[in-house]
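Novice: Quick one: the structure is below, and I'll ask about it shortly.
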Amino acid sequence: MAKTIPASGAGAVRIILKNKQDFHFDLRSKEQEGNRTSYIFDVFYENVSGTLNMAVEEGVVKIAALNLGLGKVITLSNDDNLRKLANYVLGQLG
């Protein structure tokens with residue numbers, strides 16, 4: 001059983017990355033505008049669910065926000081590991 005994410009959301013992305021086998025996501029929408037592709041995913045991990053929104057330009061994640069409903073939104077500016085998680089999700093799309 002994977003480690004659960006604390007109610008504060010502290011270290012959430014790091015915990016998910018260490019337990020990727022327990023992290024699940026479904027693509028809700030994908031939109032293309034010029035060279036930018038925007039994605040919205042429904043995400044699920046152990047004791048939380050939420051959304052992952054991201055914008056990708058030329059294969060690089062430019063914007064990402066993970067909302068797990070824990071009182072804060074995790075973004076690239078407040079968690080460096082979010083880029084790793086976003087790239088993992090994109091890699092799993094095939």
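Here, A, B, ... name the chains of the structure tokens in the order displayed, residue numbers run from 1 inside each chain, and ligands are numbered from 1 in the same displayed order.
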When you look at Leu66 of chain A with a cut-off of 7 Å (counting only C-alpha atoms), what residues show up, excluding the ones that are within fewer than 5 positions of it in the same chain? I need them as a list in words.

Specialist: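 With the cut-off at 7 Å, the set is Thr51, Leu52, Asn53, Val73, Ile74 and Thr75 of chain A.
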
Novice: Give me a file of those residues, with N, CA and C atoms, as a PDB file, in the first residue's frame.

Specialist:
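As written to disk, out_5.pdb reads:
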```pdb
ATOM      1  N   THR A  51      -7.476  17.416 -10.238  1.00  0.00           N
ATOM      2  CA  THR A  51      -7.200  17.685 -11.642  1.00  0.00           C
ATOM      3  C   THR A  51      -5.750  18.128 -11.843  1.00  0.00           C
ATOM      4  N   LEU A  52      -5.247  17.800 -13.009  1.00  0.00           N
ATOM      5  CA  LEU A  52      -3.934  18.269 -13.447  1.00  0.00           C
ATOM      6  C   LEU A  52      -4.152  18.998 -14.760  1.00  0.00           C
ATOM      7  N   ASN A  53      -3.847  20.287 -14.775  1.00  0.00           N
ATOM      8  CA  ASN A  53      -3.952  21.110 -15.979  1.00  0.00           C
ATOM      9  C   ASN A  53      -2.546  21.447 -16.427  1.00  0.00           C
ATOM     10  N   VAL A  73      -3.222  24.820  -4.485  1.00  0.00           N
ATOM     11  CA  VAL A  73      -2.939  24.343  -5.832  1.00  0.00           C
ATOM     12  C   VAL A  73      -1.429  24.279  -5.986  1.00  0.00           C
ATOM     13  N   ILE A  74      -0.948  23.153  -6.462  1.00  0.00           N
ATOM     14  CA  ILE A  74       0.487  22.961  -6.657  1.00  0.00           C
ATOM     15  C   ILE A  74       0.811  23.383  -8.085  1.00  0.00           C
ATOM     16  N   THR A  75       1.793  24.277  -8.224  1.00  0.00           N
ATOM     17  CA  THR A  75       2.186  24.786  -9.541  1.00  0.00           C
ATOM     18  C   THR A  75       3.683  24.614  -9.742  1.00  0.00           C
TER      19      THR A  75
END
```

Novice: Please identify the alpha helix (DSSP H) residues within chain A (assignment by DSSP from backbone atoms) and present them as a PyMOL selection string.

Specialist: chain A and resi 12-18+81-92

Novice: Could you give me, as a VMD selection string, the residues within 12 Å of Ser8 of chain A, counting only C-alpha atoms and dropping anything in the same chain fewer than 6 positions from it?

Specialist: chain A and resid 48 68 to 74

Novice: Rounded to one decimal, what separation in Å do you get between atom CA of Ile40 of chain A and atom CA of Lys18 of chain A?

Specialist: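 Interatomic distance, atom CA of Ile40 of chain A to atom CA of Lys18 of chain A: 22.4 Å.
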
Novice: So what do you get for atom CA of Ala7 of chain A versus atom CA of Ser38 of chain A, distance-wise?

Specialist: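 The value is 28.5 Å.
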
Novice: I'd like the neighbourhood of Glu46 of chain A as a count of residues only, where a residue qualifies if any of its atoms comes within 12 Å (using only C-alpha atoms), though same-chain residues fewer than 3 positions away should be ignored.

Specialist: 19

Novice: Excluding segment 79-85 of chain A and any residue of its chain fewer than 2 positions from it, enumerate the residues within 9 Å of it, using only C-alpha atoms, and give them as a list of chain:residue names.

Specialist: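 Close residues of segment 79-85 of chain A: A:Gly11, A:Val13, A:Arg14, A:Ile16, A:Leu17, A:Val61, A:Lys62, A:Ile63, A:Ala64, A:Ala65, A:Leu66, A:Ile74, A:Thr75, A:Leu76, A:Ser77, A:Asn87, A:Tyr88, A:Val89, A:Leu90.
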
Novice: Just to be explicit: take each residue in the selection above, keep N, CA and C atoms, and write the result as a JSON list (two decimals), in the first residue's frame.

Specialist:
```
[["chain", "number", "residue", "atom", "x", "y", "z"],
["A", 11, "GLY", "N", 4.38, 17.79, 0.32],
["A", 11, "GLY", "CA", 5.13, 16.73, -0.35],
["A", 11, "GLY", "C", 4.30, 15.85, -1.27],
["A", 13, "VAL", "N", 3.46, 15.84, -4.49],
["A", 13, "VAL", "CA", 4.02, 15.43, -5.78],
["A", 13, "VAL", "C", 5.16, 14.44, -5.57],
["A", 14, "ARG", "N", 5.98, 14.69, -4.59],
["A", 14, "ARG", "CA", 7.10, 13.78, -4.29],
["A", 14, "ARG", "C", 6.57, 12.40, -3.92],
["A", 16, "ILE", "N", 3.67, 11.07, -4.79],
["A", 16, "ILE", "CA", 3.10, 10.46, -5.99],
["A", 16, "ILE", "C", 4.20, 9.92, -6.89],
["A", 17, "LEU", "N", 5.27, 10.68, -7.08],
["A", 17, "LEU", "CA", 6.37, 10.22, -7.93],
["A", 17, "LEU", "C", 7.02, 8.95, -7.40],
["A", 61, "VAL", "N", 6.84, 21.43, -21.00],
["A", 61, "VAL", "CA", 5.74, 21.83, -20.12],
["A", 61, "VAL", "C", 5.99, 23.26, -19.69],
["A", 62, "LYS", "N", 5.13, 24.18, -20.12],
["A", 62, "LYS", "CA", 5.27, 25.60, -19.80],
["A", 62, "LYS", "C", 4.44, 25.99, -18.58],
["A", 63, "ILE", "N", 3.26, 25.38, -18.45],
["A", 63, "ILE", "CA", 2.35, 25.69, -17.35],
["A", 63, "ILE", "C", 1.82, 24.36, -16.82],
["A", 64, "ALA", "N", 1.75, 24.24, -15.50],
["A", 64, "ALA", "CA", 1.15, 23.05, -14.90],
["A", 64, "ALA", "C", 0.58, 23.43, -13.54],
["A", 65, "ALA", "N", -0.60, 22.88, -13.24],
["A", 65, "ALA", "CA", -1.25, 23.11, -11.96],
["A", 65, "ALA", "C", -1.94, 21.82, -11.53],
["A", 66, "LEU", "N", -1.65, 21.39, -10.33],
["A", 66, "LEU", "CA", -2.24, 20.19, -9.76],
["A", 66, "LEU", "C", -3.11, 20.60, -8.58],
["A", 74, "ILE", "N", -0.95, 23.15, -6.46],
["A", 74, "ILE", "CA", 0.49, 22.96, -6.66],
["A", 74, "ILE", "C", 0.81, 23.38, -8.09],
["A", 75, "THR", "N", 1.79, 24.28, -8.22],
["A", 75, "THR", "CA", 2.19, 24.79, -9.54],
["A", 75, "THR", "C", 3.68, 24.61, -9.74],
["A", 76, "LEU", "N", 4.14, 24.90, -10.95],
["A", 76, "LEU", "CA", 5.58, 24.82, -11.23],
["A", 76, "LEU", "C", 6.37, 25.80, -10.37],
["A", 77, "SER", "N", 5.75, 26.90, -9.98],
["A", 77, "SER", "CA", 6.48, 27.89, -9.19],
["A", 77, "SER", "C", 6.60, 27.50, -7.72],
["A", 87, "ASN", "N", 5.67, 15.47, -17.03],
["A", 87, "ASN", "CA", 6.37, 14.73, -18.09],
["A", 87, "ASN", "C", 6.06, 13.24, -18.02],
["A", 88, "TYR", "N", 5.93, 12.70, -16.82],
["A", 88, "TYR", "CA", 5.55, 11.29, -16.66],
["A", 88, "TYR", "C", 4.17, 11.06, -17.27],
["A", 89, "VAL", "N", 3.21, 11.91, -16.95],
["A", 89, "VAL", "CA", 1.84, 11.77, -17.47],
["A", 89, "VAL", "C", 1.86, 11.86, -18.99],
["A", 90, "LEU", "N", 2.56, 12.84, -19.54],
["A", 90, "LEU", "CA", 2.63, 12.98, -21.00],
["A", 90, "LEU", "C", 3.27, 11.74, -21.65]]
```

Novice: DSSP on the backbone, then: every residue of chain A marked strand (DSSP E or B), written as a PyMOL selection string.

Specialist: chain A and resi 23-33+36-45+48-57+60-67+73-75

Novice: Go ahead and dump the residues you just picked, C-alpha atoms, as a short mmCIF file (atom, residue, chain, number, x, y, z; two decimals), in the first residue's frame.

Specialist:
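As a result, selection-v3.cif now contains:
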```cif
data_model
loop_
_atom_site.label_atom_id
_atom_site.label_comp_id
_atom_site.auth_asym_id
_atom_site.auth_seq_id
_atom_site.Cartn_x
_atom_site.Cartn_y
_atom_site.Cartn_z
CA PHE A 23 -1.28 7.14 -9.46
CA HIS A 24 -4.02 7.05 -12.09
CA PHE A 25 -5.25 9.68 -14.51
CA ASP A 26 -7.82 10.09 -17.26
CA LEU A 27 -7.56 12.64 -20.03
CA ARG A 28 -10.62 14.88 -19.81
CA SER A 29 -9.74 17.30 -22.62
CA LYS A 30 -7.00 18.20 -25.06
CA GLU A 31 -6.98 21.42 -27.11
CA GLN A 32 -4.52 22.65 -29.70
CA GLU A 33 -3.96 26.36 -30.33
CA ARG A 36 0.48 25.13 -27.60
CA THR A 37 -1.39 22.02 -26.50
CA SER A 38 -3.51 22.26 -23.35
CA TYR A 39 -4.50 19.20 -21.33
CA ILE A 40 -6.86 18.61 -18.44
CA PHE A 41 -6.64 15.31 -16.57
CA ASP A 42 -8.69 13.86 -13.75
CA VAL A 43 -6.16 12.37 -11.32
CA PHE A 44 -6.49 9.79 -8.56
CA TYR A 45 -4.04 8.69 -5.88
CA VAL A 48 -7.12 12.09 -2.97
CA SER A 49 -8.48 12.97 -6.36
CA GLY A 50 -8.33 16.16 -8.38
CA THR A 51 -7.20 17.68 -11.64
CA LEU A 52 -3.93 18.27 -13.45
CA ASN A 53 -3.95 21.11 -15.98
CA MET A 54 -0.99 21.76 -18.22
CA ALA A 55 0.11 23.61 -21.32
CA VAL A 56 2.88 22.21 -23.50
CA GLU A 57 4.78 24.08 -26.22
CA VAL A 60 8.16 21.47 -23.04
CA VAL A 61 5.74 21.83 -20.12
CA LYS A 62 5.27 25.60 -19.80
CA ILE A 63 2.35 25.69 -17.35
CA ALA A 64 1.15 23.05 -14.90
CA ALA A 65 -1.25 23.11 -11.96
CA LEU A 66 -2.24 20.19 -9.76
CA ASN A 67 -5.35 20.67 -7.62
CA VAL A 73 -2.94 24.34 -5.83
CA ILE A 74 0.49 22.96 -6.66
CA THR A 75 2.19 24.79 -9.54
#
```
